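Asker: CSV, C-alpha atoms, file start-v2.csv:
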```csv
chain,number,residue,atom,x,y,z
K,1,MET,CA,304.3,-16.0,138.5
K,2,SER,CA,308.0,-15.8,139.4
K,3,ILE,CA,310.7,-17.1,137.1
K,4,PRO,CA,312.9,-19.6,139.0
K,5,ASN,CA,316.6,-19.0,139.3
K,6,SER,CA,318.8,-20.9,141.8
K,7,SER,CA,320.5,-17.7,142.9
K,8,LEU,CA,317.3,-15.7,143.4
K,9,LEU,CA,315.1,-15.4,146.5
K,10,GLN,CA,311.6,-16.1,145.0
K,11,PRO,CA,308.4,-14.6,146.1
K,12,PRO,CA,305.8,-17.4,146.5
K,13,ASP,CA,303.5,-18.1,143.6
K,14,LYS,CA,299.9,-17.3,144.6
K,15,PRO,CA,296.9,-16.1,142.7
K,16,GLY,CA,297.3,-12.5,141.6
K,17,GLY,CA,301.0,-12.8,141.9
K,18,GLY,CA,301.0,-13.0,145.7
K,19,PHE,CA,301.8,-9.3,146.1
K,20,ASP,CA,300.3,-6.3,147.9
K,21,ILE,CA,301.1,-3.4,145.6
K,22,GLY,CA,301.5,0.2,146.7
K,23,THR,CA,303.1,3.3,145.3
K,24,PHE,CA,304.6,6.5,146.8
K,25,MET,CA,305.8,9.6,145.0
K,26,PHE,CA,309.5,10.5,145.2
K,27,HIS,CA,310.2,14.0,144.0
K,28,GLY,CA,307.4,13.7,141.4
K,29,ASP,CA,308.2,10.2,140.2
K,30,PRO,CA,306.2,7.1,141.2
K,31,VAL,CA,308.0,4.3,143.1
K,32,THR,CA,306.0,1.0,143.2
K,33,VAL,CA,306.5,-1.3,146.1
K,34,LEU,CA,305.5,-5.0,145.9
K,35,THR,CA,305.1,-6.7,149.3
K,36,ASP,CA,304.8,-10.4,150.1
K,37,THR,CA,305.8,-12.7,152.9
K,38,ARG,CA,309.5,-12.2,152.1
K,39,GLY,CA,309.5,-8.4,152.4
K,40,ASN,CA,309.2,-5.5,150.1
K,41,TRP,CA,310.5,-5.2,146.5
K,42,ALA,CA,311.1,-2.3,144.2
K,43,VAL,CA,310.8,-2.5,140.4
K,44,LEU,CA,314.3,-1.9,138.9
K,45,GLY,CA,313.0,-0.9,135.5
K,46,GLN,CA,310.8,1.8,137.0
K,47,LEU,CA,313.6,3.2,139.2
K,48,CYS,CA,316.0,3.3,136.3
K,49,ALA,CA,313.4,5.1,134.1
K,50,ASN,CA,312.9,7.6,136.9
K,51,LEU,CA,316.7,8.2,137.0
K,52,THR,CA,317.3,7.9,133.3
K,53,LEU,CA,319.6,4.9,133.8
K,54,ASP,CA,320.0,1.9,131.5
K,55,THR,CA,318.0,-1.0,133.1
K,56,ASN,CA,319.9,-3.8,131.5
K,57,GLY,CA,323.3,-2.3,132.5
K,58,GLN,CA,322.1,-1.7,136.1
K,59,ARG,CA,320.7,-5.3,136.3
K,60,GLN,CA,324.0,-6.8,135.2
K,61,MET,CA,325.9,-4.6,137.7
K,62,ILE,CA,323.6,-5.8,140.5
K,63,GLU,CA,323.8,-9.5,139.6
K,64,ARG,CA,327.7,-9.3,139.5
K,65,ASN,CA,327.8,-8.3,143.2
K,66,ALA,CA,327.7,-10.7,146.1
K,67,TRP,CA,325.4,-8.5,148.1
K,68,SER,CA,322.5,-9.2,145.6
K,69,THR,CA,322.5,-12.9,146.2
K,70,GLY,CA,319.0,-14.0,147.3
K,71,ARG,CA,317.7,-10.5,147.0
K,72,THR,CA,316.5,-10.3,143.4
K,73,CYS,CA,313.8,-12.0,141.4
K,74,VAL,CA,311.9,-11.8,138.1
K,75,THR,CA,308.1,-11.9,138.3
K,76,HIS,CA,305.1,-11.3,136.1
K,77,VAL,CA,302.8,-8.6,137.5
K,78,ARG,CA,300.9,-5.5,136.4
K,79,ILE,CA,302.1,-2.4,138.2
K,80,PRO,CA,300.0,0.7,138.6
K,81,GLY,CA,299.9,2.8,135.4
K,82,ASP,CA,300.4,-0.1,133.1
K,83,ASP,CA,297.6,-1.8,131.1
K,84,ARG,CA,299.0,-5.3,131.2
K,85,VAL,CA,301.0,-7.9,133.0
K,86,ARG,CA,304.7,-7.8,132.3
K,87,ALA,CA,307.9,-9.4,133.5
K,88,HIS,CA,309.7,-7.2,136.0
K,89,PHE,CA,313.1,-7.6,137.7
K,90,LEU,CA,312.6,-6.8,141.4
K,91,VAL,CA,315.2,-5.8,144.0
K,92,HIS,CA,314.6,-6.4,147.7
K,93,GLU,CA,314.4,-3.3,149.9
K,94,ARG,CA,317.6,-4.5,151.7
K,95,ILE,CA,319.8,-3.9,148.7
K,96,VAL,CA,318.3,-0.7,147.2
K,97,MET,CA,320.8,1.3,149.3
K,98,MET,CA,323.8,-0.8,148.1
K,99,TRP,CA,322.6,-0.5,144.4
K,100,LEU,CA,322.4,3.3,144.6
K,101,ALA,CA,325.8,3.5,146.3
K,102,ASN,CA,327.3,1.6,143.3
K,103,VAL,CA,326.0,4.1,140.7
K,104,THR,CA,328.8,6.5,139.8
K,105,ALA,CA,326.9,9.7,139.3
K,106,SER,CA,330.1,11.7,138.7
K,107,ARG,CA,330.5,10.1,135.3
K,108,ILE,CA,327.2,11.5,134.0
K,109,THR,CA,327.8,14.8,132.2
K,110,ASP,CA,324.2,16.0,132.1
K,111,GLU,CA,323.9,18.1,135.2
K,112,SER,CA,320.1,17.6,135.7
K,113,LYS,CA,320.4,13.8,135.3
K,114,ARG,CA,323.4,13.7,137.7
K,115,SER,CA,321.6,15.8,140.3
K,116,LYS,CA,318.5,13.5,140.2
K,117,ILE,CA,320.7,10.4,140.8
K,118,GLU,CA,322.6,12.1,143.6
K,119,LEU,CA,319.3,13.1,145.2
K,120,ALA,CA,318.1,9.4,145.0
K,121,GLN,CA,321.4,8.3,146.5
K,122,VAL,CA,320.8,10.6,149.5
K,123,GLU,CA,317.1,10.2,150.1
K,124,LEU,CA,315.5,7.2,148.2
K,125,ALA,CA,316.5,4.4,150.6
K,126,ASP,CA,315.2,6.5,153.6
K,127,ALA,CA,311.9,7.3,151.7
K,128,LEU,CA,311.4,3.6,150.9
K,129,TYR,CA,312.0,2.7,154.6
K,130,GLN,CA,309.6,5.3,155.9
K,131,TYR,CA,306.9,4.2,153.4
K,132,VAL,CA,307.2,0.5,154.2
K,133,ASN,CA,307.1,1.1,157.9
K,134,ALA,CA,304.1,3.3,157.7
K,135,ARG,CA,302.2,0.5,155.9
K,136,ARG,CA,303.0,-2.2,158.4
K,137,PRO,CA,300.0,-3.1,160.5
K,138,VAL,CA,300.5,-3.1,164.3
K,139,ARG,CA,299.1,-6.1,166.2
K,140,GLU,CA,300.0,-8.1,169.3
K,141,PRO,CA,301.8,-11.4,168.4
K,142,SER,CA,300.2,-14.7,169.6
K,143,LYS,CA,301.9,-17.0,172.1
K,144,LEU,CA,302.7,-19.4,169.3
K,145,GLU,CA,304.3,-16.7,167.2
K,146,LEU,CA,306.4,-15.6,170.2
K,147,ALA,CA,307.5,-19.2,170.7
K,148,ARG,CA,308.4,-19.5,167.0
K,149,ASP,CA,310.3,-16.2,167.1
K,150,LEU,CA,312.3,-17.4,170.1
K,151,VAL,CA,313.2,-20.6,168.4
K,152,GLU,CA,314.2,-18.7,165.3
K,153,ALA,CA,316.3,-16.3,167.3
K,154,LEU,CA,318.1,-19.1,169.0
K,155,GLU,CA,318.7,-20.9,165.7
K,156,ALA,CA,319.9,-17.6,164.1
K,157,ARG,CA,322.3,-17.0,167.1
K,158,GLU,CA,323.8,-20.4,166.7
K,159,ALA,CA,324.1,-20.0,162.9
K,160,LEU,CA,325.7,-16.6,163.5
K,161,GLU,CA,328.2,-18.0,165.9
K,162,GLN,CA,329.2,-20.7,163.4
K,163,ALA,CA,329.4,-18.2,160.6
K,164,ASN,CA,331.6,-15.9,162.7
K,165,LYS,CA,334.0,-18.8,163.3
K,166,VAL,CA,334.3,-19.2,159.5
K,167,LEU,CA,334.6,-15.5,158.9
K,168,ALA,CA,337.0,-14.8,161.7
K,169,PRO,CA,340.2,-15.0,159.6
K,170,LYS,CA,338.8,-12.5,157.1
K,171,ALA,CA,337.6,-10.1,159.7
K,172,GLY,CA,341.0,-10.3,161.5
K,173,LYS,CA,342.8,-8.8,158.5
K,174,TRP,CA,341.9,-5.3,159.9
K,175,ASP,CA,342.7,-6.0,163.5
K,176,ALA,CA,346.1,-4.2,163.4
K,177,PHE,CA,344.2,-0.9,162.4
K,178,MET,CA,341.3,-1.2,164.8
K,179,ASN,CA,341.0,0.7,168.1
K,180,ALA,CA,339.9,-0.8,171.4
K,181,ASP,CA,336.2,-0.5,170.3
K,182,GLY,CA,336.9,-2.5,167.1
K,183,LEU,CA,336.6,0.6,164.9
K,184,ILE,CA,339.0,2.2,162.4
K,185,GLY,CA,339.2,5.9,161.7
K,186,MET,CA,338.9,7.6,158.3
K,187,THR,CA,342.6,8.7,158.4
K,188,GLU,CA,343.8,5.1,158.8
K,189,ILE,CA,341.5,4.0,156.0
K,190,ALA,CA,342.9,6.8,153.8
K,191,ASP,CA,346.4,5.6,154.5
K,192,ILE,CA,345.5,2.0,153.6
K,193,LEU,CA,344.1,3.2,150.2
K,194,GLY,CA,347.0,5.6,149.6
K,195,THR,CA,345.0,8.8,149.6
K,196,ASN,CA,344.2,11.6,152.1
K,197,VAL,CA,341.3,11.8,154.4
K,198,ARG,CA,339.6,14.8,152.7
K,199,THR,CA,339.6,13.0,149.3
K,200,LEU,CA,338.3,9.8,150.9
K,201,THR,CA,335.4,11.4,152.8
K,202,GLY,CA,334.6,13.6,149.8
K,203,TRP,CA,334.4,10.5,147.6
K,204,LEU,CA,332.1,8.9,150.2
K,205,VAL,CA,329.8,11.9,150.0
K,206,ASP,CA,329.7,11.6,146.2
K,207,ARG,CA,328.7,7.9,146.6
K,208,GLY,CA,325.9,8.9,148.9
K,209,ILE,CA,327.4,7.0,151.9
K,210,PHE,CA,328.5,10.1,153.8
K,211,ARG,CA,326.8,13.5,154.0
K,212,LYS,CA,328.2,17.0,154.7
K,213,GLN,CA,327.4,18.5,158.1
K,214,MET,CA,328.3,21.9,159.3
K,215,SER,CA,330.5,21.9,162.4
K,216,THR,CA,330.1,24.3,165.3
K,217,HIS,CA,332.9,26.5,163.9
K,218,GLY,CA,331.3,26.7,160.4
K,219,GLY,CA,333.4,24.2,158.6
K,220,ASN,CA,332.2,21.0,156.8
K,221,ARG,CA,332.6,17.7,158.5
K,222,ASN,CA,331.7,14.7,156.4
K,223,LEU,CA,329.8,12.0,158.4
K,224,PRO,CA,328.2,8.6,157.5
K,225,ARG,CA,324.5,8.7,156.8
K,226,THR,CA,322.1,7.2,159.4
K,227,THR,CA,321.2,4.4,157.1
K,228,PHE,CA,324.8,3.2,157.0
K,229,GLN,CA,325.2,3.6,160.7
K,230,ASN,CA,322.1,1.5,161.3
K,231,SER,CA,323.4,-1.2,159.0
K,232,GLY,CA,326.5,-1.6,161.1
K,233,HIS,CA,329.0,-0.2,158.5
K,234,PHE,CA,329.9,3.0,160.4
K,235,ALA,CA,329.7,4.6,163.8
K,236,VAL,CA,330.0,8.2,165.0
K,237,LYS,CA,331.7,9.1,168.2
K,238,VAL,CA,331.6,12.4,170.0
K,239,GLU,CA,335.2,13.3,171.0
K,240,LYS,CA,336.6,16.3,172.9
K,241,SER,CA,339.7,18.4,172.2
K,242,ARG,CA,340.7,21.6,174.0
K,243,GLY,CA,337.3,21.9,175.5
K,244,THR,CA,335.4,21.5,172.2
K,245,LYS,CA,333.2,18.5,171.4
K,246,TYR,CA,332.9,17.3,167.8
K,247,PRO,CA,331.7,14.1,166.0
K,248,VAL,CA,334.2,11.7,164.5
K,249,ALA,CA,333.4,9.0,161.9
K,250,TYR,CA,334.7,5.5,162.3
K,251,ALA,CA,334.2,2.3,160.2
K,252,THR,CA,333.5,-1.2,161.4
K,253,SER,CA,335.2,-4.2,159.7
K,254,GLU,CA,332.1,-4.4,157.4
K,255,GLY,CA,332.5,-0.7,156.6
K,256,ILE,CA,336.1,-0.9,155.6
K,257,ASP,CA,335.4,-4.0,153.5
K,258,MET,CA,332.7,-2.1,151.7
K,259,ILE,CA,335.0,1.0,151.2
K,260,VAL,CA,337.9,-1.1,149.9
K,261,ASP,CA,335.6,-3.0,147.5
K,262,LEU,CA,334.0,0.2,146.1
K,263,TRP,CA,337.4,1.9,145.8
K,264,SER,CA,338.8,-1.1,144.0
K,265,GLN,CA,335.9,-1.2,141.6
K,266,GLN,CA,336.4,2.5,140.8
K,267,ASN,CA,340.1,2.1,140.1
K,268,ALA,CA,339.5,-0.9,137.9
K,269,ALA,CA,336.8,0.8,135.8
```
Spit out the file's structure as C-alpha cells when you get a sec.

Answerer:
Amino acid sequence: MSIPNSSLLQPPDKPGGGFDIGTFMFHGDPVTVLTDTRGNWAVLGQLCANLTLDTNGQRQMIERNAWSTGRTCVTHVRIPGDDRVRAHFLVHERIVMMWLANVTASRITDESKRSKIELAQVELADALYQYVNARRPVREPSKLELARDLVEALEAREALEQANKVLAPKAGKWDAFMNADGLIGMTEIADILGTNVRTLTGWLVDRGIFRKQMSTHGGNRNLPRTTFQNSGHFAVKVEKSRGTKYPVAYATSEGIDMIVDLWSQQNAA
C-alpha cells in the first residue's frame, strides 16, 4: 500500500503491493528494483545502507530538489532478505542519476567509504539501466496500442510546444553564449562561474558527471558520461586542429542549468 502525498507519483494499490520485485548485485551489494506500470523504483534506504549514507538526510536532500517532483513515493512492501513488510521510500529510476550526482563524496574523510560512493556515482545508474532493460519482455504491440501511442505522442508534442513557449524566456538567458548548434563550451561556462576550465571539468569528474579519458597524445581529457549525453545535458563533438582530431565537450541549455545549480549549492553549503 502506498502512502498518499500530493507531490509524489504513486504506484497503484494492488494486491501484493502491485510490484514485480527483482534484485541484482552491484559490487557485492544487493540492489532491489520494484517494477510497476509507472516504471522501476529503487529502495533509498537500501542504497544508503550500501553506501554508508544517512537515509533521512539523503531523503530530505532529494525532496528539496525540483527534479524529484513526481518521482518518489513511500510504500509498504517486503523486500528480499527481510522477514516482514516495512515502509520504504522509493526513488524512480529516472532520478537515481541526479541523486548520486548531488552526493558530495569529497566531504567524506573515510577513503573506503568515499571510494564506494564515487564508484556508485560512476557505475550504478548504468548498472540499473542495463538490469531494467534486460528484464523487459519483447513483444509486438497491437494495433490498438500503436494507435494509443500515436495519440499520446501527438498530445505530448503539443504539450511540449506549449511548455517551450513558457520556458523560452528562461532558456534564452544563455543565448549570448551559445554557438550555432545551440551549445556552449566548457571554457565559456568556466568564465560564467568565475573559475578555470580545468577546475570546472575536474569538479564535474568528482561529481560523477564527467569521466577522465586518455587522449591520443597521452593526456587526460575530461568528457561527459554517456548517461548525461543521452539525457540531453551534454554533447561531444569531434573537432580538428593542425591535422589532429580530438573530442570536445559542450553543454546544452539544460546542461548549463544543471551545472550552475550544482555549483551554487556547493558554494552555499

Asker: Env of stretch 232-241 of chain K: 10 Å cut, atoms = only C-alpha atoms, seq-sep filter 3 positions within chain, self excluded. Answer as JSON, numbers by chain.

Answerer: {"K": [183, 184, 185, 209, 210, 223, 224, 225, 226, 227, 228, 229, 244, 245, 246, 247, 248, 249, 250, 251, 252, 253, 254, 255, 256, 257, 258, 259]}

Asker: At what distance in Å, to one decimal, does atom CA of K:Ala87 lie from atom CA of K:Thr75?

Answerer: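 Between these atoms lies a distance of 5.4 Å.
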
Asker: For K:Arg64, which of K:Trp99, K:Val122, K:Gly243, K:Gly208 is the closest residue, counting only C-alpha atoms?

Answerer: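 Going through K:Trp99, K:Val122, K:Gly243, K:Gly208 one by one, the smallest distance to K:Arg64 is for K:Trp99.
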
Asker: How close does stretch 60-149 of chain K get to stretch 40-55 of chain K? List, as a Markdown table, each residue of stretch 60-149 of chain K within 6 Å, its nearest atom pair and the distance in Å to one decimal, counting only C-alpha atoms.

Answerer:
```
| residue | atom | partner | partner_atom | distance |
| --- | --- | --- | --- | --- |
| K:Phe89 | CA | K:Leu44 | CA | 5.9 |
| K:Leu90 | CA | K:Val43 | CA | 4.8 |
| K:Val91 | CA | K:Trp41 | CA | 5.4 |
| K:His92 | CA | K:Trp41 | CA | 4.4 |
| K:Glu93 | CA | K:Trp41 | CA | 5.5 |
| K:Ile117 | CA | K:Leu51 | CA | 5.9 |
```

Asker: Show me the residues around (304.9, -2.2, 140.3) - criterion: an atom at most 10 Å away, all atoms listed in the file counted - as a VMD selection string.

Answerer: chain K and resid 19 to 23 30 to 34 41 to 46 77 to 82 86 88 90

Asker: Enter the distance from atom CA of K:Ala120 to atom CA of K:Ala105, in Å, rounded to one decimal.

Answerer: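 Between atom CA of K:Ala120 and atom CA of K:Ala105 the gap works out to 10.5 Å.
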
Asker: Rounded to one decimal in Å, what is the spacing between atom CA of K:Gly182 and atom CA of K:Val103?

Answerer: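 The value is 29.3 Å.
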